[in-house]
Amino acid sequence: MQNAELATGDKIEGRCTKCRKNNEHIIITLLKENPAQVECTICKRQHKYRPPTAVKTPAVRQSNLLKDTERKEWEALRPGMNSAKAVDYSMTETYKVKTLINHPAFGLGLVQRVAGPQKIAVLFEDGQKTMRCK
Ligand SMILES: [Zn+2]
């Protein structure tokens, strides 16, 4: 990123660790054309420049939607699950996709996919969770 037009004394939006929010800051020193030391215009504190934090969009709605989808998936798959065939979950075991597992906290779960090295995505009644495996 090039901030060639920045100069000391310029005002820049940054994160203030004292105010705990994004404030206007005055650039005190520059390092390689990037703000290094800045002064908060609100609390007048001088500190290292931190970029403004992104305003967090509420993730709740998104996760509720996801939960809904997972719940429907669970309900569709549940009749085909034979809980007698479920194996007790252990993070030292290896699992194949479509294996039924029994988790001490989440109950019956269906291995849906390999989610990464030593990780499996398991669908529980509670929703999908990533579990460790061998
Ligand atoms: Zn401040």
# chains A, B, ... in the order shown; residues from 1 in each chain; ligands from 1
>>> closest_atom_pairs(of="chain A", to="ligand 1", cutoff="12 Å", atoms="only C-alpha atoms and all ligand atoms", output="JSON lines")
{"residue": "A:Glu13", "atom": "CA", "partner": "ligand 1", "partner_atom_place_in_ligand_line": "1 (Zn)", "distance": 11.3}
{"residue": "A:Gly14", "atom": "CA", "partner": "ligand 1", "partner_atom_place_in_ligand_line": "1 (Zn)", "distance": 9.4}
{"residue": "A:Arg15", "atom": "CA", "partner": "ligand 1", "partner_atom_place_in_ligand_line": "1 (Zn)", "distance": 8.0}
{"residue": "A:Cys16", "atom": "CA", "partner": "ligand 1", "partner_atom_place_in_ligand_line": "1 (Zn)", "distance": 4.7}
{"residue": "A:Thr17", "atom": "CA", "partner": "ligand 1", "partner_atom_place_in_ligand_line": "1 (Zn)", "distance": 6.7}
{"residue": "A:Lys18", "atom": "CA", "partner": "ligand 1", "partner_atom_place_in_ligand_line": "1 (Zn)", "distance": 5.1}
{"residue": "A:Cys19", "atom": "CA", "partner": "ligand 1", "partner_atom_place_in_ligand_line": "1 (Zn)", "distance": 4.3}
{"residue": "A:Arg20", "atom": "CA", "partner": "ligand 1", "partner_atom_place_in_ligand_line": "1 (Zn)", "distance": 7.3}
{"residue": "A:Lys21", "atom": "CA", "partner": "ligand 1", "partner_atom_place_in_ligand_line": "1 (Zn)", "distance": 7.7}
{"residue": "A:Asn22", "atom": "CA", "partner": "ligand 1", "partner_atom_place_in_ligand_line": "1 (Zn)", "distance": 8.4}
{"residue": "A:Asn23", "atom": "CA", "partner": "ligand 1", "partner_atom_place_in_ligand_line": "1 (Zn)", "distance": 6.7}
{"residue": "A:Glu24", "atom": "CA", "partner": "ligand 1", "partner_atom_place_in_ligand_line": "1 (Zn)", "distance": 8.5}
{"residue": "A:His25", "atom": "CA", "partner": "ligand 1", "partner_atom_place_in_ligand_line": "1 (Zn)", "distance": 8.2}
{"residue": "A:Ile26", "atom": "CA", "partner": "ligand 1", "partner_atom_place_in_ligand_line": "1 (Zn)", "distance": 11.0}
{"residue": "A:Val38", "atom": "CA", "partner": "ligand 1", "partner_atom_place_in_ligand_line": "1 (Zn)", "distance": 10.1}
{"residue": "A:Glu39", "atom": "CA", "partner": "ligand 1", "partner_atom_place_in_ligand_line": "1 (Zn)", "distance": 7.8}
{"residue": "A:Cys40", "atom": "CA", "partner": "ligand 1", "partner_atom_place_in_ligand_line": "1 (Zn)", "distance": 4.6}
{"residue": "A:Thr41", "atom": "CA", "partner": "ligand 1", "partner_atom_place_in_ligand_line": "1 (Zn)", "distance": 6.6}
{"residue": "A:Ile42", "atom": "CA", "partner": "ligand 1", "partner_atom_place_in_ligand_line": "1 (Zn)", "distance": 5.0}
{"residue": "A:Cys43", "atom": "CA", "partner": "ligand 1", "partner_atom_place_in_ligand_line": "1 (Zn)", "distance": 4.1}
{"residue": "A:Lys44", "atom": "CA", "partner": "ligand 1", "partner_atom_place_in_ligand_line": "1 (Zn)", "distance": 6.2}
{"residue": "A:Arg45", "atom": "CA", "partner": "ligand 1", "partner_atom_place_in_ligand_line": "1 (Zn)", "distance": 5.9}
{"residue": "A:Gln46", "atom": "CA", "partner": "ligand 1", "partner_atom_place_in_ligand_line": "1 (Zn)", "distance": 8.4}
{"residue": "A:His47", "atom": "CA", "partner": "ligand 1", "partner_atom_place_in_ligand_line": "1 (Zn)", "distance": 9.1}
{"residue": "A:Lys48", "atom": "CA", "partner": "ligand 1", "partner_atom_place_in_ligand_line": "1 (Zn)", "distance": 11.6}
{"residue": "A:Tyr49", "atom": "CA", "partner": "ligand 1", "partner_atom_place_in_ligand_line": "1 (Zn)", "distance": 11.3}
{"residue": "A:Arg50", "atom": "CA", "partner": "ligand 1", "partner_atom_place_in_ligand_line": "1 (Zn)", "distance": 11.6}
>>> select_by_dssp(residues="chain A", states="strand (DSSP E or B)", output="PyMOL selection string")
chain A and resi 11-16+21-31+34-40+46-48+87-88+100-103+107-116+119-124+127-132
>>> closest_residue(among="A:Ile120, A:Leu110, A:Leu100, A:Ile12", to="Val87 in chain A", atoms="only C-alpha atoms")
A:Leu100
>>> closest_residue(among="A:Arg61, A:Lys134, A:Lys11, A:Lys129", to="Phe106 in chain A", atoms="only C-alpha atoms")
A:Lys129
>>> select_by_dssp(residues="range 15-105 of chain A", states="helix (DSSP H, G or I)", output="PDB file with C-alpha atoms, in the first residue's frame")
ATOM      1  CA  VAL A  60     -25.664 -13.438  14.905  1.00  0.00           C
ATOM      2  CA  ARG A  61     -28.077 -13.271  11.997  1.00  0.00           C
ATOM      3  CA  GLN A  62     -25.673 -15.094   9.737  1.00  0.00           C
ATOM      4  CA  SER A  63     -25.042 -17.835  12.256  1.00  0.00           C
ATOM      5  CA  ASN A  64     -28.764 -18.234  12.917  1.00  0.00           C
ATOM      6  CA  LEU A  65     -29.338 -18.762   9.219  1.00  0.00           C
ATOM      7  CA  LEU A  66     -26.554 -21.295   9.144  1.00  0.00           C
ATOM      8  CA  LYS A  67     -27.970 -23.045  12.192  1.00  0.00           C
ATOM      9  CA  ASP A  68     -31.328 -23.230  10.443  1.00  0.00           C
ATOM     10  CA  THR A  69     -29.796 -24.834   7.372  1.00  0.00           C
ATOM     11  CA  GLU A  70     -27.845 -27.289   9.497  1.00  0.00           C
ATOM     12  CA  ARG A  71     -30.924 -28.124  11.533  1.00  0.00           C
ATOM     13  CA  LYS A  72     -32.879 -28.902   8.370  1.00  0.00           C
ATOM     14  CA  GLU A  73     -30.028 -31.008   7.095  1.00  0.00           C
ATOM     15  CA  TRP A  74     -29.927 -32.830  10.399  1.00  0.00           C
ATOM     16  CA  GLU A  75     -33.655 -33.491  10.305  1.00  0.00           C
ATOM     17  CA  ALA A  76     -33.382 -34.824   6.757  1.00  0.00           C
ATOM     18  CA  LEU A  77     -30.486 -37.122   7.610  1.00  0.00           C
ATOM     19  CA  ARG A  78     -31.558 -38.216  11.069  1.00  0.00           C
ATOM     20  CA  PRO A  79     -34.015 -40.961   9.967  1.00  0.00           C
ATOM     21  CA  GLY A  80     -31.206 -42.668   8.055  1.00  0.00           C
ATOM     22  CA  SER A  83     -27.473 -44.795  16.407  1.00  0.00           C
ATOM     23  CA  ALA A  84     -26.617 -48.398  17.268  1.00  0.00           C
ATOM     24  CA  LYS A  85     -23.861 -48.180  14.664  1.00  0.00           C
TER      25      LYS A  85
END
>>> residues_around(residues="Asp10 in chain A", least_positions_apart="2", cutoff="6 Å", atoms="only C-alpha atoms", output="PyMOL selection string")
chain A and resi 7-8+26-27
>>> closest_residue(among="A:Ala115, A:Leu30, A:Ala36, A:Leu123", to="Asn102 in chain A", atoms="only C-alpha atoms")
A:Leu123
>>> atom_distance(atom1="CA of Met81 in chain A", atom2="CA of Gln118 in chain A")
24.0 Å
>>> residues_around(residues="Tyr95 in chain A", least_positions_apart="2", cutoff="12 Å", atoms="only C-alpha atoms", output="MDAnalysis selection string")
chainID A and resid 86:93 97:101 109:115 118:122 131:134
>>> write_last_selection(atoms="N, CA and C atoms", output="PDB file, in the first residue's frame")
ATOM      1  N   ALA A  86     -23.263 -46.098  15.759  1.00  0.00           N
ATOM      2  CA  ALA A  86     -22.366 -44.975  16.045  1.00  0.00           C
ATOM      3  C   ALA A  86     -21.179 -45.438  16.877  1.00  0.00           C
ATOM      4  N   VAL A  87     -20.017 -44.907  16.528  1.00  0.00           N
ATOM      5  CA  VAL A  87     -18.811 -45.237  17.287  1.00  0.00           C
ATOM      6  C   VAL A  87     -18.504 -44.070  18.234  1.00  0.00           C
ATOM      7  N   ASP A  88     -17.970 -44.384  19.399  1.00  0.00           N
ATOM      8  CA  ASP A  88     -17.637 -43.328  20.349  1.00  0.00           C
ATOM      9  C   ASP A  88     -16.540 -42.442  19.782  1.00  0.00           C
ATOM     10  N   TYR A  89     -16.763 -41.142  19.887  1.00  0.00           N
ATOM     11  CA  TYR A  89     -15.789 -40.199  19.338  1.00  0.00           C
ATOM     12  C   TYR A  89     -14.518 -40.168  20.177  1.00  0.00           C
ATOM     13  N   SER A  90     -13.384 -40.182  19.486  1.00  0.00           N
ATOM     14  CA  SER A  90     -12.093 -40.008  20.136  1.00  0.00           C
ATOM     15  C   SER A  90     -11.182 -39.262  19.179  1.00  0.00           C
ATOM     16  N   MET A  91     -10.473 -38.265  19.683  1.00  0.00           N
ATOM     17  CA  MET A  91      -9.638 -37.459  18.781  1.00  0.00           C
ATOM     18  C   MET A  91      -8.395 -38.215  18.312  1.00  0.00           C
ATOM     19  N   THR A  92      -8.186 -39.427  18.834  1.00  0.00           N
ATOM     20  CA  THR A  92      -7.035 -40.214  18.383  1.00  0.00           C
ATOM     21  C   THR A  92      -7.438 -41.236  17.320  1.00  0.00           C
ATOM     22  N   GLU A  93      -8.706 -41.167  16.898  1.00  0.00           N
ATOM     23  CA  GLU A  93      -9.184 -42.081  15.854  1.00  0.00           C
ATOM     24  C   GLU A  93      -9.214 -41.386  14.500  1.00  0.00           C
ATOM     25  N   VAL A  97     -15.824 -40.137   5.933  1.00  0.00           N
ATOM     26  CA  VAL A  97     -17.063 -39.396   5.691  1.00  0.00           C
ATOM     27  C   VAL A  97     -18.242 -40.371   5.820  1.00  0.00           C
ATOM     28  N   LYS A  98     -19.321 -39.885   6.400  1.00  0.00           N
ATOM     29  CA  LYS A  98     -20.567 -40.633   6.626  1.00  0.00           C
ATOM     30  C   LYS A  98     -20.492 -41.583   7.818  1.00  0.00           C
ATOM     31  N   THR A  99     -19.384 -41.539   8.571  1.00  0.00           N
ATOM     32  CA  THR A  99     -19.313 -42.345   9.785  1.00  0.00           C
ATOM     33  C   THR A  99     -20.193 -41.690  10.850  1.00  0.00           C
ATOM     34  N   LEU A 100     -20.921 -42.507  11.559  1.00  0.00           N
ATOM     35  CA  LEU A 100     -21.743 -42.016  12.670  1.00  0.00           C
ATOM     36  C   LEU A 100     -20.905 -42.068  13.932  1.00  0.00           C
ATOM     37  N   ILE A 101     -20.892 -40.974  14.644  1.00  0.00           N
ATOM     38  CA  ILE A 101     -20.139 -40.973  15.890  1.00  0.00           C
ATOM     39  C   ILE A 101     -21.038 -40.582  17.060  1.00  0.00           C
ATOM     40  N   GLY A 109     -23.591 -37.814  15.904  1.00  0.00           N
ATOM     41  CA  GLY A 109     -23.095 -36.921  14.860  1.00  0.00           C
ATOM     42  C   GLY A 109     -22.705 -37.694  13.619  1.00  0.00           C
ATOM     43  N   LEU A 110     -22.795 -37.008  12.486  1.00  0.00           N
ATOM     44  CA  LEU A 110     -22.451 -37.627  11.213  1.00  0.00           C
ATOM     45  C   LEU A 110     -21.252 -36.893  10.609  1.00  0.00           C
ATOM     46  N   VAL A 111     -20.193 -37.656  10.327  1.00  0.00           N
ATOM     47  CA  VAL A 111     -19.013 -37.052   9.713  1.00  0.00           C
ATOM     48  C   VAL A 111     -19.371 -36.624   8.295  1.00  0.00           C
ATOM     49  N   GLN A 112     -19.264 -35.325   8.022  1.00  0.00           N
ATOM     50  CA  GLN A 112     -19.677 -34.817   6.714  1.00  0.00           C
ATOM     51  C   GLN A 112     -18.533 -34.651   5.737  1.00  0.00           C
ATOM     52  N   ARG A 113     -17.407 -34.211   6.259  1.00  0.00           N
ATOM     53  CA  ARG A 113     -16.264 -34.034   5.364  1.00  0.00           C
ATOM     54  C   ARG A 113     -14.991 -33.883   6.177  1.00  0.00           C
ATOM     55  N   VAL A 114     -13.873 -34.038   5.477  1.00  0.00           N
ATOM     56  CA  VAL A 114     -12.586 -33.772   6.091  1.00  0.00           C
ATOM     57  C   VAL A 114     -12.401 -32.263   6.049  1.00  0.00           C
ATOM     58  N   ALA A 115     -12.210 -31.649   7.212  1.00  0.00           N
ATOM     59  CA  ALA A 115     -12.184 -30.185   7.271  1.00  0.00           C
ATOM     60  C   ALA A 115     -10.769 -29.632   7.280  1.00  0.00           C
ATOM     61  N   GLN A 118      -6.163 -33.388  10.206  1.00  0.00           N
ATOM     62  CA  GLN A 118      -6.617 -33.859  11.515  1.00  0.00           C
ATOM     63  C   GLN A 118      -7.893 -33.172  11.990  1.00  0.00           C
ATOM     64  N   LYS A 119      -8.726 -32.824  11.024  1.00  0.00           N
ATOM     65  CA  LYS A 119      -9.996 -32.196  11.388  1.00  0.00           C
ATOM     66  C   LYS A 119     -11.131 -32.762  10.552  1.00  0.00           C
ATOM     67  N   ILE A 120     -12.252 -32.978  11.192  1.00  0.00           N
ATOM     68  CA  ILE A 120     -13.428 -33.427  10.468  1.00  0.00           C
ATOM     69  C   ILE A 120     -14.600 -32.508  10.816  1.00  0.00           C
ATOM     70  N   ALA A 121     -15.472 -32.307   9.835  1.00  0.00           N
ATOM     71  CA  ALA A 121     -16.682 -31.531  10.082  1.00  0.00           C
ATOM     72  C   ALA A 121     -17.791 -32.522  10.394  1.00  0.00           C
ATOM     73  N   VAL A 122     -18.380 -32.363  11.564  1.00  0.00           N
ATOM     74  CA  VAL A 122     -19.407 -33.303  12.010  1.00  0.00           C
ATOM     75  C   VAL A 122     -20.721 -32.557  12.218  1.00  0.00           C
ATOM     76  N   MET A 131     -14.258 -31.142  14.515  1.00  0.00           N
ATOM     77  CA  MET A 131     -13.693 -31.981  15.558  1.00  0.00           C
ATOM     78  C   MET A 131     -12.282 -32.424  15.184  1.00  0.00           C
ATOM     79  N   ARG A 132     -11.489 -32.686  16.191  1.00  0.00           N
ATOM     80  CA  ARG A 132     -10.154 -33.202  15.951  1.00  0.00           C
ATOM     81  C   ARG A 132     -10.232 -34.699  15.688  1.00  0.00           C
ATOM     82  N   CYS A 133      -9.323 -35.151  14.862  1.00  0.00           N
ATOM     83  CA  CYS A 133      -9.186 -36.604  14.677  1.00  0.00           C
ATOM     84  C   CYS A 133      -7.735 -36.886  14.359  1.00  0.00           C
ATOM     85  N   LYS A 134      -7.433 -38.152  14.189  1.00  0.00           N
ATOM     86  CA  LYS A 134      -6.045 -38.525  13.941  1.00  0.00           C
ATOM     87  C   LYS A 134      -5.670 -38.269  12.485  1.00  0.00           C
TER      88      LYS A 134
END
